[in-house]
$ cat entry03.cif   # mmCIF, C-alpha atoms
data_my_file
#
loop_
_atom_site.label_atom_id
_atom_site.label_comp_id
_atom_site.auth_asym_id
_atom_site.auth_seq_id
_atom_site.Cartn_x
_atom_site.Cartn_y
_atom_site.Cartn_z
CA MET A 119 -8.24 7.27 107.05
CA PRO A 120 -7.79 10.99 106.37
CA ARG A 121 -8.22 13.21 109.39
CA ASP A 122 -11.27 15.03 108.02
CA GLN A 123 -13.06 11.71 107.49
CA THR A 124 -12.20 10.63 111.04
CA ARG A 125 -13.55 13.93 112.35
CA LYS A 126 -16.72 13.42 110.29
CA HIS A 127 -17.27 10.02 111.88
CA MET A 128 -16.61 11.41 115.34
CA GLU A 129 -19.18 14.12 114.66
CA LEU A 130 -21.87 11.51 113.95
CA ARG A 131 -22.29 11.61 117.71
CA THR A 132 -24.75 14.44 117.20
CA ARG A 133 -27.09 11.82 115.76
CA GLN A 134 -28.57 14.19 113.27
CA GLY A 135 -32.06 13.14 112.40
CA ASN A 136 -32.81 9.49 112.98
CA TYR A 137 -29.36 8.23 111.94
CA LEU A 138 -28.82 5.68 114.68
CA GLN A 139 -32.27 4.15 114.34
CA SER A 140 -32.25 4.06 110.54
CA ALA A 141 -28.62 3.15 109.80
CA GLU A 142 -27.99 -0.21 108.19
CA TRP A 143 -25.88 -2.76 110.06
CA GLN A 144 -23.13 -2.42 107.46
CA GLU A 145 -22.98 1.37 108.00
CA LEU A 146 -22.70 0.90 111.76
CA HIS A 147 -20.07 -1.77 111.22
CA VAL A 148 -17.98 0.61 109.09
CA LEU A 149 -18.38 3.40 111.65
CA THR A 150 -17.37 1.11 114.52
CA SER A 151 -14.39 -0.14 112.51
CA HIS A 152 -13.32 3.48 112.15
CA TRP A 153 -13.58 3.84 115.92
CA GLN A 154 -11.30 0.84 116.26
CA SER A 155 -8.82 2.54 113.93
CA ASP A 156 -9.11 5.74 115.98
CA MET A 157 -8.22 3.82 119.14
CA ALA A 158 -5.08 2.47 117.44
CA PHE A 159 -4.19 6.06 116.49
CA PHE A 160 -4.68 7.20 120.10
CA GLU A 161 -2.42 4.36 121.24
CA ASP A 162 0.30 5.69 118.91
CA GLU A 163 -0.27 9.20 120.20
CA LEU A 164 0.08 8.02 123.79
CA ARG A 165 3.34 6.25 122.91
CA PHE A 166 4.63 9.51 121.40
CA ILE A 167 3.63 11.41 124.53
CA ASP A 168 5.57 8.89 126.63
CA VAL A 169 8.67 9.51 124.48
CA LEU A 170 8.18 13.25 124.83
CA LEU A 171 7.87 13.02 128.60
CA ASP A 172 10.92 10.75 128.81
CA LYS A 173 12.93 13.37 126.93
CA TYR A 174 12.02 16.02 129.49
CA PHE A 175 12.05 13.70 132.51
CA ASN A 176 14.76 15.55 134.44
CA ALA A 177 13.02 18.88 134.00
CA LEU A 178 9.65 17.35 134.87
CA ILE A 179 10.91 16.10 138.23
CA ASP A 180 12.33 19.50 139.08
CA PRO A 181 10.51 20.79 142.19
CA GLU A 182 9.24 23.73 140.17
CA ASN A 183 7.31 21.37 137.87
CA MET A 184 6.45 18.58 140.31
CA ASP A 185 2.80 19.46 140.96
CA ALA A 186 2.01 19.80 137.27
CA THR A 187 3.93 16.61 136.51
CA LYS A 188 2.02 14.59 139.13
CA SER A 189 -1.29 15.88 137.82
CA ILE A 190 -0.42 15.08 134.22
CA ALA A 191 0.93 11.64 135.13
CA ALA A 192 -2.34 10.75 136.85
CA LYS A 193 -4.41 12.04 133.93
CA LEU A 194 -2.21 10.19 131.44
CA SER A 195 -2.55 6.95 133.39
CA ASN A 196 -6.35 7.33 133.47
CA LEU A 197 -6.36 8.11 129.76
CA LYS A 198 -4.37 4.96 128.95
CA SER A 199 -6.76 2.86 131.02
CA SER A 200 -9.75 4.47 129.33
CA ARG A 201 -8.26 3.82 125.89
CA GLU A 202 -7.75 0.15 126.73
CA MET A 203 -11.32 -0.12 128.00
CA MET A 204 -12.72 1.66 124.94
CA THR A 205 -10.68 -0.56 122.61
CA SER A 206 -12.11 -3.64 124.31
CA ARG A 207 -15.67 -2.31 124.21
CA ILE A 208 -15.36 -1.42 120.52
CA ALA A 209 -14.05 -4.92 119.68
CA GLU A 210 -16.97 -6.45 121.58
CA HIS A 211 -19.37 -4.08 119.82
CA LEU A 212 -18.02 -5.18 116.43
CA GLN A 213 -18.77 -8.78 117.40
CA HIS A 214 -22.34 -7.77 118.26
CA ILE A 215 -22.74 -6.08 114.87
CA LYS A 216 -21.43 -9.16 113.07
CA ALA A 217 -23.89 -11.34 114.97
CA LEU A 218 -26.76 -9.00 114.09
CA MET A 219 -25.73 -8.96 110.44
CA THR A 220 -26.22 -12.73 110.30
CA ASN A 221 -29.22 -13.08 112.62
CA SER A 222 -31.12 -9.96 113.58
CA SER A 223 -34.02 -9.94 116.00
CA SER A 224 -35.87 -6.76 116.90
CA GLN A 225 -35.06 -7.20 120.61
CA ASN A 226 -31.33 -7.62 119.92
CA ALA A 227 -31.41 -4.75 117.44
CA ALA A 228 -32.91 -2.32 119.96
CA ALA A 229 -30.41 -3.31 122.65
CA PHE A 230 -27.57 -3.01 120.15
CA ARG A 231 -28.60 0.49 119.08
CA GLU A 232 -28.72 1.57 122.75
CA GLU A 233 -25.27 0.06 123.28
CA HIS A 234 -24.05 1.88 120.17
CA ALA A 235 -25.35 5.22 121.46
CA ARG A 236 -23.65 4.74 124.85
CA LEU A 237 -20.40 3.74 123.17
CA GLU A 238 -20.60 6.72 120.86
CA ASP A 239 -21.11 9.07 123.84
CA ASP A 240 -18.25 7.48 125.77
CA LEU A 241 -15.96 7.71 122.76
CA THR A 242 -16.78 11.39 122.37
CA ASP A 243 -15.98 11.96 126.05
CA PHE A 244 -12.71 10.06 125.64
CA VAL A 245 -11.69 12.22 122.67
CA LYS A 246 -12.48 15.43 124.57
CA THR A 247 -10.46 14.26 127.57
CA PHE A 248 -7.60 13.08 125.35
CA ARG A 249 -7.38 16.46 123.63
CA ALA A 250 -7.42 18.35 126.93
CA VAL A 251 -4.68 16.18 128.48
CA LYS A 252 -2.59 16.35 125.33
CA ARG A 253 -2.88 20.14 125.28
CA GLU A 254 -1.86 20.31 128.93
CA ILE A 255 1.17 18.05 128.31
CA PHE A 256 2.28 20.04 125.29
CA GLU A 257 1.95 23.33 127.16
CA LEU A 258 4.08 22.00 130.02
CA THR A 259 6.76 20.50 127.77
CA GLU A 260 6.82 23.65 125.64
CA ARG A 261 7.38 25.77 128.76
CA ILE A 262 10.12 23.41 129.94
CA ALA A 263 11.77 23.40 126.50
CA ARG A 264 11.88 27.21 126.49
CA THR A 265 13.31 27.24 130.02
CA GLU A 266 15.93 24.61 129.12
CA LYS A 267 16.90 26.58 126.01
CA LEU A 268 17.32 29.74 128.07
CA LYS A 269 19.43 27.87 130.65
CA HIS A 270 21.59 26.49 127.85
CA LEU A 271 22.06 29.93 126.28
CA ILE A 272 22.89 31.55 129.62
CA SER A 273 25.45 28.87 130.55
CA ARG A 274 27.49 29.45 127.37
#
$ encode --input "entry03.cif" --output "structure tokens"
Amino acid sequence: MPRDQTRKHMELRTRQGNYLQSAEWQELHVLTSHWQSDMAFFEDELRFIDVLLDKYFNALIDPENMDATKSIAAKLSNLKSSREMMTSRIAEHLQHIKALMTNSSSQNAAAFREEHARLEDDLTDFVKTFRAVKREIFELTERIARTEKLKHLISR
């Protein structure tokens, strides 16, 4: 899915108008499927971040960087756990949508829409946290890369 479409779906969180209450099951199914795709993308991003951190491991364990490294490691661990939990919740939510598409009762529909709203809010929070942690990691590795480059140039 193109990035701008993903962003559009993530922005549905604002629930403009009466979207959540009036959306058809199929629309909510498509949206939730996109969330599932987003979680797979975040998993790939987290794998890339692990590779990046492995590359700079020696510099990250340098006493000068240790506090920042510990903080980032804890945040990254929490982010991975959150992603796994969100992935599981989204898969379960898709099963609920499928069940409602075949047999919808007003009581189940209301509960589902509340569940959808909570999931949407939690997903938005996850994305905000992911972006902040990613930014922090990139800033640290960028600083380390510049320092390593300077050390390499000086030692020549």
$ residues_around --input "entry03.cif" --residues "Glu257 in chain A" --least-positions-apart "5" --cutoff "12 Å" --atoms "all atoms listed in the file" --output "PyMOL selection string"
chain A and resi 171+186-187+190+250-252+262-264
$ atom_distance --input "entry03.cif" --atom1 "CA of His211 in chain A" --atom2 "CA of His234 in chain A"
7.6 Å
$ closest_residue --input "entry03.cif" --among "A:Leu258, A:Val245, A:Met157, A:Leu164" --to "Arg207 in chain A" --atoms "only C-alpha atoms"
A:Met157
$ closest_residue --input "entry03.cif" --among "A:Lys216, A:Arg253, A:Lys193, A:Arg236" --to "Val148 in chain A" --atoms "all atoms listed in the file"
A:Lys216
$ closest_residue --input "entry03.cif" --among "A:Asp162, A:Glu238, A:Tyr137, A:Asp172" --to "Ile208 in chain A" --atoms "all atoms listed in the file"
A:Glu238
$ resolve_selection --input "entry03.cif" --expression "the PyMOL selection byres ((chain A and resi 202) around 12)" --output "ChimeraX atom specification"
/A:154,157-158,160-161,164,195-201,203-209,241,244
$ atom_distance --input "entry03.cif" --atom1 "CA of Glu232 in chain A" --atom2 "CA of Gln139 in chain A"
9.5 Å
$ resolve_selection --input "entry03.cif" --expression "the PyMOL selection byres ((chain A and resi 219) around 12)" --output "number ranges by chain"
A: 142-147, 212-218, 220-223, 226-227, 230
$ closest_residue --input "entry03.cif" --among "A:Asp156, A:Asp180, A:Leu237, A:Val169" --to "Glu210 in chain A" --atoms "only C-alpha atoms"
A:Leu237
$ atom_distance --input "entry03.cif" --atom1 "CA of Glu163 in chain A" --atom2 "CA of Asp185 in chain A"
23.4 Å
$ closest_residue --input "entry03.cif" --among "A:Asn136, A:Arg165, A:Thr150, A:Tyr174" --to "Glu233 in chain A" --atoms "only C-alpha atoms"
A:Thr150
$ decode --input "entry03.cif" --residues "range 173-202 of chain A" --atoms "N, CA and C atoms" --output "PDB file, in the first residue's frame"
ATOM      1  N   LYS A 173      25.297  -2.844  14.022  1.00  0.00           N
ATOM      2  CA  LYS A 173      26.427  -2.237  13.311  1.00  0.00           C
ATOM      3  C   LYS A 173      27.202  -1.285  14.224  1.00  0.00           C
ATOM      4  N   TYR A 174      26.496  -0.572  15.068  1.00  0.00           N
ATOM      5  CA  TYR A 174      27.133   0.407  15.936  1.00  0.00           C
ATOM      6  C   TYR A 174      27.275  -0.090  17.376  1.00  0.00           C
ATOM      7  N   PHE A 175      27.195  -1.406  17.564  1.00  0.00           N
ATOM      8  CA  PHE A 175      27.197  -1.977  18.908  1.00  0.00           C
ATOM      9  C   PHE A 175      28.379  -1.505  19.747  1.00  0.00           C
ATOM     10  N   ASN A 176      29.587  -1.602  19.204  1.00  0.00           N
ATOM     11  CA  ASN A 176      30.771  -1.220  19.985  1.00  0.00           C
ATOM     12  C   ASN A 176      30.704   0.232  20.428  1.00  0.00           C
ATOM     13  N   ALA A 177      30.266   1.105  19.558  1.00  0.00           N
ATOM     14  CA  ALA A 177      30.159   2.516  19.929  1.00  0.00           C
ATOM     15  C   ALA A 177      29.021   2.735  20.924  1.00  0.00           C
ATOM     16  N   LEU A 178      27.965   1.940  20.813  1.00  0.00           N
ATOM     17  CA  LEU A 178      26.822   2.095  21.714  1.00  0.00           C
ATOM     18  C   LEU A 178      27.160   1.693  23.142  1.00  0.00           C
ATOM     19  N   ILE A 179      28.089   0.736  23.296  1.00  0.00           N
ATOM     20  CA  ILE A 179      28.440   0.313  24.654  1.00  0.00           C
ATOM     21  C   ILE A 179      29.576   1.145  25.237  1.00  0.00           C
ATOM     22  N   ASP A 180      30.062   2.077  24.477  1.00  0.00           N
ATOM     23  CA  ASP A 180      31.066   3.015  24.987  1.00  0.00           C
ATOM     24  C   ASP A 180      30.450   3.763  26.164  1.00  0.00           C
ATOM     25  N   PRO A 181      31.202   3.952  27.247  1.00  0.00           N
ATOM     26  CA  PRO A 181      30.644   4.628  28.434  1.00  0.00           C
ATOM     27  C   PRO A 181      29.975   5.969  28.124  1.00  0.00           C
ATOM     28  N   GLU A 182      30.474   6.640  27.126  1.00  0.00           N
ATOM     29  CA  GLU A 182      29.916   7.937  26.741  1.00  0.00           C
ATOM     30  C   GLU A 182      28.468   7.821  26.254  1.00  0.00           C
ATOM     31  N   ASN A 183      28.125   6.679  25.698  1.00  0.00           N
ATOM     32  CA  ASN A 183      26.792   6.473  25.116  1.00  0.00           C
ATOM     33  C   ASN A 183      25.907   5.536  25.938  1.00  0.00           C
ATOM     34  N   MET A 184      26.427   5.029  27.034  1.00  0.00           N
ATOM     35  CA  MET A 184      25.747   3.963  27.767  1.00  0.00           C
ATOM     36  C   MET A 184      24.355   4.357  28.269  1.00  0.00           C
ATOM     37  N   ASP A 185      24.203   5.531  28.836  1.00  0.00           N
ATOM     38  CA  ASP A 185      22.884   5.931  29.352  1.00  0.00           C
ATOM     39  C   ASP A 185      21.846   5.999  28.235  1.00  0.00           C
ATOM     40  N   ALA A 186      22.234   6.626  27.130  1.00  0.00           N
ATOM     41  CA  ALA A 186      21.311   6.726  25.994  1.00  0.00           C
ATOM     42  C   ALA A 186      21.001   5.345  25.437  1.00  0.00           C
ATOM     43  N   THR A 187      22.004   4.485  25.384  1.00  0.00           N
ATOM     44  CA  THR A 187      21.817   3.134  24.849  1.00  0.00           C
ATOM     45  C   THR A 187      20.855   2.328  25.719  1.00  0.00           C
ATOM     46  N   LYS A 188      21.011   2.402  27.030  1.00  0.00           N
ATOM     47  CA  LYS A 188      20.113   1.681  27.941  1.00  0.00           C
ATOM     48  C   LYS A 188      18.673   2.171  27.782  1.00  0.00           C
ATOM     49  N   SER A 189      18.509   3.478  27.685  1.00  0.00           N
ATOM     50  CA  SER A 189      17.180   4.051  27.527  1.00  0.00           C
ATOM     51  C   SER A 189      16.536   3.581  26.229  1.00  0.00           C
ATOM     52  N   ILE A 190      17.294   3.644  25.154  1.00  0.00           N
ATOM     53  CA  ILE A 190      16.770   3.229  23.846  1.00  0.00           C
ATOM     54  C   ILE A 190      16.471   1.736  23.837  1.00  0.00           C
ATOM     55  N   ALA A 191      17.341   0.940  24.437  1.00  0.00           N
ATOM     56  CA  ALA A 191      17.114  -0.513  24.468  1.00  0.00           C
ATOM     57  C   ALA A 191      15.810  -0.842  25.187  1.00  0.00           C
ATOM     58  N   ALA A 192      15.545  -0.166  26.290  1.00  0.00           N
ATOM     59  CA  ALA A 192      14.300  -0.403  27.027  1.00  0.00           C
ATOM     60  C   ALA A 192      13.087   0.013  26.191  1.00  0.00           C
ATOM     61  N   LYS A 193      13.184   1.174  25.556  1.00  0.00           N
ATOM     62  CA  LYS A 193      12.072   1.658  24.722  1.00  0.00           C
ATOM     63  C   LYS A 193      11.840   0.724  23.536  1.00  0.00           C
ATOM     64  N   LEU A 194      12.923   0.248  22.942  1.00  0.00           N
ATOM     65  CA  LEU A 194      12.816  -0.651  21.795  1.00  0.00           C
ATOM     66  C   LEU A 194      12.178  -1.978  22.201  1.00  0.00           C
ATOM     67  N   SER A 195      12.558  -2.480  23.353  1.00  0.00           N
ATOM     68  CA  SER A 195      11.967  -3.718  23.861  1.00  0.00           C
ATOM     69  C   SER A 195      10.461  -3.544  24.098  1.00  0.00           C
ATOM     70  N   ASN A 196      10.090  -2.435  24.711  1.00  0.00           N
ATOM     71  CA  ASN A 196       8.661  -2.146  24.934  1.00  0.00           C
ATOM     72  C   ASN A 196       7.912  -2.010  23.615  1.00  0.00           C
ATOM     73  N   LEU A 197       8.556  -1.377  22.644  1.00  0.00           N
ATOM     74  CA  LEU A 197       7.932  -1.184  21.342  1.00  0.00           C
ATOM     75  C   LEU A 197       7.695  -2.525  20.650  1.00  0.00           C
ATOM     76  N   LYS A 198       8.656  -3.420  20.732  1.00  0.00           N
ATOM     77  CA  LYS A 198       8.499  -4.750  20.126  1.00  0.00           C
ATOM     78  C   LYS A 198       7.355  -5.508  20.789  1.00  0.00           C
ATOM     79  N   SER A 199       7.281  -5.425  22.101  1.00  0.00           N
ATOM     80  CA  SER A 199       6.184  -6.087  22.821  1.00  0.00           C
ATOM     81  C   SER A 199       4.835  -5.485  22.434  1.00  0.00           C
ATOM     82  N   SER A 200       4.787  -4.179  22.340  1.00  0.00           N
ATOM     83  CA  SER A 200       3.549  -3.499  21.943  1.00  0.00           C
ATOM     84  C   SER A 200       3.133  -3.899  20.531  1.00  0.00           C
ATOM     85  N   ARG A 201       4.111  -4.008  19.631  1.00  0.00           N
ATOM     86  CA  ARG A 201       3.797  -4.391  18.255  1.00  0.00           C
ATOM     87  C   ARG A 201       3.210  -5.795  18.217  1.00  0.00           C
ATOM     88  N   GLU A 202       3.805  -6.707  18.987  1.00  0.00           N
ATOM     89  CA  GLU A 202       3.280  -8.074  19.031  1.00  0.00           C
ATOM     90  C   GLU A 202       1.852  -8.089  19.573  1.00  0.00           C
TER      91      GLU A 202
END
